[in-house]
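Just below is one structure, and these are the notes that go with it.
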Amino acid sequence: MTSSDLSATTQDDNVAVSPVERAIWILKAVAGLEDKRLTDIARHCGLHKTTALRLIGILEKEGLLRRDPDTRQYALGPEIARLGLAARELVDWRAIVRPALMHLSSRWGDTSIFSVLSNVELVCVDLQTGAYPIQANYQQVGSRRSLGAGSSGIAVLSALPEEARRAAFQRITGPLEQFPEITPDVLDERVTFAQTHGYATLLHAVVPEMGGIAVPVRDATGWPVGALSMPSLVSRIVTREQDMAASLKEEAARIEQAIATLAIRAR
């Protein structure tokens, strides 16, 4: 893995990507971005504005997106909610991870988060706030973050097979442009660190004086299905890093055992 992997593609240069895939990227971008204008969506997805606009028009027509005429911001349309009524998560993540989150936040006083891997993003499915008066509050249940845009994403990248990691790097170039501190070299170094130590850290890069520490969570085949993380003040992480990492690994192992048990029961 080299830093050049992060800059190997340009907008719309992957002809193998279908319009359906690009439309899905747009829906996920609207679900996770704070700024949701056409330019923001196109940049996040690595699409030309004309391509994004054409696909957005189709999604609007089908009721999957809607646009505020005053702010020019896009939002998920009512048809998304209707589809959601017919869908359900195969795994009750909250039931599996809640004990681990409660234990971590009770022990360390910081927010603990479990996020599930969704293509090249992580979706927060549950979190627990700690008792320490200064908490990281820039994530909530349902929020999405690109791989690499935090310690949890770096932990997952470090656990992916090399080919899958390279493919992910090509997809996250655009979304990571909003984080100037997360350069290709920094990401490369942080992934290597995580592979060596079994946990990831990212400090000062997203929010000044804040950082995160995380470990990947794998299924029975070894594939990373998500990450267990604790965002906190940088000073609180660096003074307790080894103990926090050990605690995260211990809870991740319990979650992995629960996942394996479910898989056996489902056979």
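Residue numbering restarts at 1 in every chain; chains get A, B, ... in the order shown in the structure tokens, and ligands count up from 1 in that same order.
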
Set the distance at 10 Å and use only C-alpha atoms: which residues neighbour Arg240 of chain A once local chain neighbours fewer than 5 positions away are removed? I'd like the list as a list in words.
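In the requested format, the answer is Trp108, Ser235 and Ala245 of chain A.
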
What are the nearest atom pairs, with distances in Å to one decimal, for all residues of segment 50-145 of chain A that come at most 10 Å from segment 154-175 of chain A, using only C-alpha atoms, set out by chain and rising residue number as CSV?
```
residue,atom,partner,partner_atom,distance
A:Val116,CA,A:Val156,CA,9.8
A:Leu117,CA,A:Val156,CA,8.0
A:Asn119,CA,A:Ala168,CA,8.3
A:Val120,CA,A:Ala168,CA,6.0
A:Glu121,CA,A:Ile172,CA,8.8
A:Leu122,CA,A:Val156,CA,9.0
A:Arg145,CA,A:Pro175,CA,8.9
```

Write a file of the just-selected residues containing N, CA, C and O atoms, as a compact mmCIF listing (two decimals), in the first residue's frame.
```txt
# COMPACT_ATOMS: atom_id res chain seq x y z
N VAL A 116 -21.11 0.16 11.70
CA VAL A 116 -21.16 -0.97 10.79
C VAL A 116 -20.64 -0.56 9.41
O VAL A 116 -20.95 0.53 8.92
N LEU A 117 -19.86 -1.43 8.79
CA LEU A 117 -19.32 -1.16 7.47
C LEU A 117 -20.41 -1.24 6.41
O LEU A 117 -21.16 -2.21 6.33
N ASN A 119 -20.18 -0.61 2.46
CA ASN A 119 -19.35 -0.31 1.30
C ASN A 119 -18.09 0.42 1.74
O ASN A 119 -17.25 -0.18 2.39
N VAL A 120 -17.93 1.71 1.46
CA VAL A 120 -16.73 2.42 1.89
C VAL A 120 -17.07 3.47 2.95
O VAL A 120 -16.36 4.46 3.11
N GLU A 121 -18.14 3.22 3.68
CA GLU A 121 -18.55 4.11 4.76
C GLU A 121 -18.81 3.29 6.02
O GLU A 121 -19.02 2.09 5.97
N LEU A 122 -18.80 3.99 7.15
CA LEU A 122 -19.21 3.40 8.41
C LEU A 122 -20.48 4.11 8.87
O LEU A 122 -20.55 5.33 8.86
N ARG A 145 -19.83 8.07 7.90
CA ARG A 145 -18.50 8.66 7.71
C ARG A 145 -17.71 7.78 6.75
O ARG A 145 -17.76 6.55 6.83
```

Apply DSSP to the backbone of this structure and, from segment 150-261 of chain A, keep only the residues in helix (DSSP H, G or I); write these as a PyMOL selection string.
chain A and resi 151-159+162-172+175-178+184-197+234-238+241-261

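Compared by their closest atoms to Arg98 of chain A, and using only C-alpha atoms, the residues A:Met210, A:Arg22, A:Lys61, A:Asp126 rank with A:Asp126 nearest.
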
Spatial neighbours of Leu127 of chain A, 10 Å, only C-alpha atoms, chain gap at least 5 places, as a count of residues only
17

Quick check, in Å to one decimal: how far apart do atom CA of Val123 of chain A and atom CA of Thr196 of chain A lie?
25.2 Å

Pick out each residue of segment 38-216 of chain A that DSSP on the backbone tags as strand (DSSP E or B); I need them as a ChimeraX atom specification.
/A:65-67,74-76,112-118,121-128,144-146,200-203,210-216

How about saving the chosen residues, N, CA and C atoms kept, as a tab-separated table (two decimals), in the first residue's frame?
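The resulting file, selection.tsv, is reproduced below:
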```
chain	number	residue	atom	x	y	z
A	65	LEU	N	-35.41	11.31	-3.56
A	65	LEU	CA	-34.76	12.55	-3.14
A	65	LEU	C	-35.73	13.71	-3.31
A	66	ARG	N	-35.50	14.76	-2.54
A	66	ARG	CA	-36.25	16.00	-2.72
A	66	ARG	C	-35.30	17.17	-2.50
A	67	ARG	N	-35.63	18.31	-3.12
A	67	ARG	CA	-34.75	19.48	-3.05
A	67	ARG	C	-35.51	20.66	-2.49
A	74	TYR	N	-30.43	19.07	-0.76
A	74	TYR	CA	-31.19	17.86	-1.04
A	74	TYR	C	-31.42	17.09	0.25
A	75	ALA	N	-32.49	16.32	0.29
A	75	ALA	CA	-32.81	15.45	1.42
A	75	ALA	C	-33.40	14.16	0.88
A	76	LEU	N	-33.38	13.13	1.69
A	76	LEU	CA	-34.01	11.89	1.28
A	76	LEU	C	-35.51	12.10	1.14
A	112	SER	N	-18.58	6.00	23.60
A	112	SER	CA	-18.18	4.82	22.85
A	112	SER	C	-19.17	4.61	21.71
A	113	ILE	N	-18.67	4.14	20.58
A	113	ILE	CA	-19.47	4.06	19.36
A	113	ILE	C	-19.23	2.72	18.67
A	114	PHE	N	-20.31	2.14	18.15
A	114	PHE	CA	-20.15	1.00	17.26
A	114	PHE	C	-20.71	1.38	15.90
A	115	SER	N	-19.90	1.19	14.87
A	115	SER	CA	-20.28	1.53	13.50
A	115	SER	C	-20.16	0.31	12.61
A	116	VAL	N	-21.11	0.16	11.70
A	116	VAL	CA	-21.16	-0.97	10.79
A	116	VAL	C	-20.64	-0.56	9.41
A	117	LEU	N	-19.86	-1.43	8.79
A	117	LEU	CA	-19.32	-1.16	7.47
A	117	LEU	C	-20.41	-1.24	6.41
A	118	SER	N	-20.51	-0.20	5.59
A	118	SER	CA	-21.45	-0.14	4.48
A	118	SER	C	-20.67	0.34	3.26
A	121	GLU	N	-18.14	3.22	3.68
A	121	GLU	CA	-18.55	4.11	4.76
A	121	GLU	C	-18.81	3.29	6.02
A	122	LEU	N	-18.80	3.99	7.15
A	122	LEU	CA	-19.21	3.40	8.41
A	122	LEU	C	-20.48	4.11	8.87
A	123	VAL	N	-21.46	3.32	9.30
A	123	VAL	CA	-22.72	3.87	9.79
A	123	VAL	C	-22.81	3.61	11.28
A	124	CYS	N	-23.00	4.66	12.05
A	124	CYS	CA	-23.15	4.53	13.50
A	124	CYS	C	-24.49	3.87	13.80
A	125	VAL	N	-24.47	2.71	14.45
A	125	VAL	CA	-25.71	2.01	14.80
A	125	VAL	C	-26.05	2.11	16.28
A	126	ASP	N	-25.06	2.47	17.11
A	126	ASP	CA	-25.34	2.67	18.53
A	126	ASP	C	-24.17	3.41	19.16
A	127	LEU	N	-24.47	4.18	20.19
A	127	LEU	CA	-23.42	4.87	20.94
A	127	LEU	C	-23.86	5.05	22.38
A	128	GLN	N	-22.88	5.25	23.24
A	128	GLN	CA	-23.13	5.48	24.65
A	128	GLN	C	-22.28	6.65	25.11
A	144	ARG	N	-23.15	8.80	8.90
A	144	ARG	CA	-22.23	8.08	8.04
A	144	ARG	C	-20.91	8.83	7.94
A	145	ARG	N	-19.83	8.07	7.90
A	145	ARG	CA	-18.50	8.66	7.71
A	145	ARG	C	-17.71	7.78	6.75
A	146	SER	N	-16.98	8.41	5.87
A	146	SER	CA	-16.15	7.69	4.93
A	146	SER	C	-15.03	6.95	5.67
A	200	ALA	N	-6.29	1.49	16.00
A	200	ALA	CA	-6.01	2.70	15.24
A	200	ALA	C	-6.23	3.94	16.10
A	201	THR	N	-5.45	4.95	15.84
A	201	THR	CA	-5.67	6.27	16.44
A	201	THR	C	-5.59	7.32	15.35
A	202	LEU	N	-6.33	8.40	15.54
A	202	LEU	CA	-6.24	9.57	14.66
A	202	LEU	C	-6.48	10.78	15.54
A	203	LEU	N	-5.50	11.66	15.63
A	203	LEU	CA	-5.53	12.78	16.57
A	203	LEU	C	-5.45	14.11	15.84
A	210	MET	N	-9.25	17.07	19.40
A	210	MET	CA	-10.02	15.85	19.57
A	210	MET	C	-9.40	14.73	18.73
A	211	GLY	N	-9.68	13.52	19.11
A	211	GLY	CA	-9.17	12.38	18.37
A	211	GLY	C	-10.01	11.16	18.65
A	212	GLY	N	-9.50	10.02	18.24
A	212	GLY	CA	-10.24	8.79	18.46
A	212	GLY	C	-9.31	7.60	18.49
A	213	ILE	N	-9.77	6.55	19.13
A	213	ILE	CA	-9.05	5.28	19.18
A	213	ILE	C	-10.07	4.20	18.87
A	214	ALA	N	-9.69	3.21	18.06
A	214	ALA	CA	-10.67	2.24	17.56
A	214	ALA	C	-10.02	0.91	17.26
A	215	VAL	N	-10.86	-0.12	17.22
A	215	VAL	CA	-10.43	-1.45	16.80
A	215	VAL	C	-11.46	-1.99	15.81
A	216	PRO	N	-11.03	-2.82	14.86
A	216	PRO	CA	-11.99	-3.44	13.95
A	216	PRO	C	-12.74	-4.57	14.65
```

Within 7 Å of Tyr132 of chain A, counting only C-alpha atoms, which residues show up once you throw out same-chain ones fewer than 2 positions away? Write them as a list in words, please.
Gly109, Asp110, Gly130, Ile134 and Gln135 of chain A

Between atom CA of Ala86 of chain A and atom CA of Ala263 of chain A lies a distance of 23.2 Å

Residues within 10 Å of Val91 of chain A, please, as a PDB file with N, CA, C and O atoms, in the first residue's frame. Count only C-alpha atoms; anything in the same chain fewer than 4 positions from it doesn't count.
```
ATOM      1  N   ALA A  95     -28.608  -4.829  20.188  1.00  0.00           N
ATOM      2  CA  ALA A  95     -28.654  -5.867  21.223  1.00  0.00           C
ATOM      3  C   ALA A  95     -27.277  -6.488  21.446  1.00  0.00           C
ATOM      4  O   ALA A  95     -26.911  -6.823  22.577  1.00  0.00           O
ATOM      5  N   ILE A  96     -26.508  -6.620  20.381  1.00  0.00           N
ATOM      6  CA  ILE A  96     -25.196  -7.247  20.486  1.00  0.00           C
ATOM      7  C   ILE A  96     -24.157  -6.328  21.128  1.00  0.00           C
ATOM      8  O   ILE A  96     -23.360  -6.754  21.963  1.00  0.00           O
ATOM      9  N   ILE A 259     -21.340 -12.513  17.346  1.00  0.00           N
ATOM     10  CA  ILE A 259     -21.621 -12.615  15.911  1.00  0.00           C
ATOM     11  C   ILE A 259     -21.445 -14.057  15.436  1.00  0.00           C
ATOM     12  O   ILE A 259     -22.262 -14.583  14.670  1.00  0.00           O
ATOM     13  N   LEU A 262     -24.376 -16.196  16.510  1.00  0.00           N
ATOM     14  CA  LEU A 262     -25.540 -15.971  15.665  1.00  0.00           C
ATOM     15  C   LEU A 262     -25.414 -16.687  14.326  1.00  0.00           C
ATOM     16  O   LEU A 262     -26.387 -17.239  13.798  1.00  0.00           O
ATOM     17  N   ALA A 263     -24.210 -16.661  13.772  1.00  0.00           N
ATOM     18  CA  ALA A 263     -23.988 -17.310  12.480  1.00  0.00           C
ATOM     19  C   ALA A 263     -24.215 -18.811  12.583  1.00  0.00           C
ATOM     20  O   ALA A 263     -24.781 -19.437  11.677  1.00  0.00           O
TER      21      ALA A 263
END
```

Nearest-residue call for Leu33 of chain A, choices A:Thr129, A:Ser151, A:Thr183, A:Gln178, using only C-alpha atoms:
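Smallest separation from Leu33 of chain A among the options: A:Gln178.
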
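For the choices A:Ile255, A:Leu55, A:Asp243, A:Glu62, the atom-to-atom distance to Ile24 of chain A is smallest for A:Leu55 when using only C-alpha atoms.
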
Please determine, counting only C-alpha atoms, which residue among A:Pro231, A:Phe179, A:Lys249, A:Asp219 has the shortest atom-to-atom distance to Thr261 of chain A.
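Ranking A:Pro231, A:Phe179, A:Lys249, A:Asp219 by distance to Thr261 of chain A, first place goes to A:Asp219.
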
Quick one: distance from atom CA of Val238 of chain A to atom CA of Trp223 of chain A in Å, one decimal?
28.6 Å

Counting only C-alpha atoms, figure out which residue out of A:Arg190, A:Glu34, A:Ile41, A:Pro78 gets nearest to Tyr138 of chain A.
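So, comparing all the options, the nearest one is A:Glu34.
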
Among the residues A:Leu147, A:Ala100, A:Met244, A:Leu176, the one that comes closest to His44 of chain A [using only C-alpha atoms]
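Closest to His44 of chain A of all the choices is A:Leu176.
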